[in-house]
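For reference, the structure discussed in these notes is given below.
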Amino acid sequence: MYKNIDPFLVILPKLDVHGYTEDTVMVPVNEFINDNYKLNHKKIYVIHGNGEHILKNKIHRELKRNKLVKKYYLYNFNVGCTIIELN
(Lines give C-alpha, C1' and ligand atoms only; values in the text may rest on other atoms or scores of the structure.)
Protein backbone atom coordinates (compact mmCIF):
# COMPACT_ATOMS: atom_id res chain seq x y z
CA MET A 1 0.00 0.00 0.00
CA TYR A 2 1.36 3.42 -0.98
CA LYS A 3 1.75 5.85 1.89
CA ASN A 4 1.63 9.50 0.89
CA ILE A 5 4.53 11.26 2.62
CA ASP A 6 4.85 15.03 2.45
CA PRO A 7 8.40 15.80 1.23
CA PHE A 8 8.29 19.15 3.05
CA LEU A 9 8.06 17.50 6.44
CA VAL A 10 10.60 14.79 5.66
CA ILE A 11 13.46 17.30 5.44
CA LEU A 12 12.63 19.23 8.62
CA PRO A 13 13.83 18.24 12.11
CA LYS A 14 10.90 16.93 14.15
CA LEU A 15 9.94 16.18 17.72
CA ASP A 16 7.03 13.91 18.61
CA VAL A 17 5.54 14.73 22.03
CA HIS A 18 2.77 12.13 22.12
CA GLY A 19 2.53 10.72 25.63
CA TYR A 20 3.79 13.83 27.43
CA THR A 21 1.60 15.70 29.89
CA GLU A 22 0.84 19.40 29.94
CA ASP A 23 3.26 19.80 32.85
CA THR A 24 6.19 18.00 31.21
CA VAL A 25 5.86 18.79 27.51
CA MET A 26 7.85 22.03 27.46
CA VAL A 27 11.12 20.50 28.70
CA PRO A 28 11.76 18.49 25.50
CA VAL A 29 10.23 21.21 23.29
CA ASN A 30 12.52 23.91 24.70
CA GLU A 31 15.57 21.65 24.42
CA PHE A 32 14.61 20.85 20.82
CA ILE A 33 14.25 24.55 20.00
CA ASN A 34 17.57 25.44 21.65
CA ASP A 35 19.46 22.62 19.92
CA ASN A 36 18.10 23.50 16.49
CA TYR A 37 18.75 27.20 17.02
CA LYS A 38 22.40 26.37 17.77
CA LEU A 39 22.51 24.22 14.62
CA ASN A 40 21.19 27.22 12.67
CA HIS A 41 18.04 25.44 11.47
CA LYS A 42 15.36 27.91 10.42
CA LYS A 43 12.30 25.61 10.47
CA ILE A 44 11.41 22.71 12.72
CA TYR A 45 8.18 21.01 13.67
CA VAL A 46 6.57 19.45 16.69
CA ILE A 47 4.00 16.66 16.44
CA HIS A 48 1.51 17.09 19.28
CA GLY A 49 -1.53 15.31 17.85
CA ASN A 50 -5.17 16.42 17.75
CA GLY A 51 -7.02 15.04 20.74
CA GLU A 52 -8.41 17.72 23.02
CA HIS A 53 -5.68 20.25 22.05
CA ILE A 54 -4.15 20.28 25.53
CA LEU A 55 -0.57 19.86 24.32
CA LYS A 56 -1.09 22.15 21.33
CA ASN A 57 -2.47 24.95 23.49
CA LYS A 58 0.34 24.62 26.03
CA ILE A 59 3.03 24.60 23.34
CA HIS A 60 1.51 27.60 21.53
CA ARG A 61 1.25 29.61 24.78
CA GLU A 62 4.91 28.99 25.51
CA LEU A 63 6.06 29.64 21.94
CA LYS A 64 4.57 33.15 22.15
CA ARG A 65 7.06 33.94 24.91
CA ASN A 66 10.13 32.24 23.44
CA LYS A 67 12.65 34.76 22.09
CA LEU A 68 14.16 32.21 19.69
CA VAL A 69 10.85 31.71 17.86
CA LYS A 70 10.07 34.05 14.98
CA LYS A 71 6.65 32.56 14.26
CA TYR A 72 4.71 29.33 14.49
CA TYR A 73 1.62 27.92 12.83
CA LEU A 74 -0.33 24.72 12.37
CA TYR A 75 0.59 22.75 9.30
CA ASN A 76 -2.21 23.04 6.72
CA PHE A 77 -2.30 19.36 5.82
CA ASN A 78 -1.96 18.03 9.38
CA VAL A 79 -3.30 20.15 12.23
CA GLY A 80 -1.67 17.70 14.65
CA CYS A 81 1.69 19.34 14.09
CA THR A 82 3.04 22.86 14.54
CA ILE A 83 5.74 24.34 12.32
CA ILE A 84 8.13 26.65 14.14
CA GLU A 85 10.32 29.23 12.42
CA LEU A 86 13.38 30.21 14.40
CA ASN A 87 15.24 33.55 14.41
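If you're wondering about the labels, chains in the C-alpha coordinates are A, B, ... by order shown, residues count from 1 in each chain, ligands from 1 in order shown.
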For this session: Skip segment 19-21 of chain A itself and residues of its chain fewer than 3 positions away, then list as number ranges by chain all residues within 9 Å of it, counting only C-alpha atoms.
Result: A: 16, 24-25, 54-55
For this session: Mind the document's chain letters and residue numbers, and return as a list in words the residues of chain A that DSSP labels strand (DSSP E or B).
Result: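 Answer for chain A, restricted to strand (DSSP E or B): Lys14, Leu15, Asp16, Lys43, Ile44, Tyr45, Val46, Ile47, Val69, Lys70, Lys71, Tyr72, Tyr73, Leu74, Tyr75, Asn78, Val79, Gly80, Cys81, Thr82, Ile83, Ile84, Glu85 and Leu86 of chain A.
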For this session: Rounded to one decimal place, report the atom CA of Pro7 of chain A-atom CA of Tyr73 of chain A distance in Å.
Result: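 Atom CA of Tyr73 of chain A lies 18.1 Å from atom CA of Pro7 of chain A.
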For this session: Could you tell me how far atom CA of Leu15 of chain A lies from atom CA of Glu52 of chain A, in Å and to one decimal?
Result: 19.2 Å
Exercise. Taking only C-alpha atoms into account, which of A:Leu63, A:Leu86, A:Gly80, A:Leu12 comes nearest Asn30 of chain A?
Worked result: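 With only C-alpha atoms as the atom set, the closest residue is A:Leu63.
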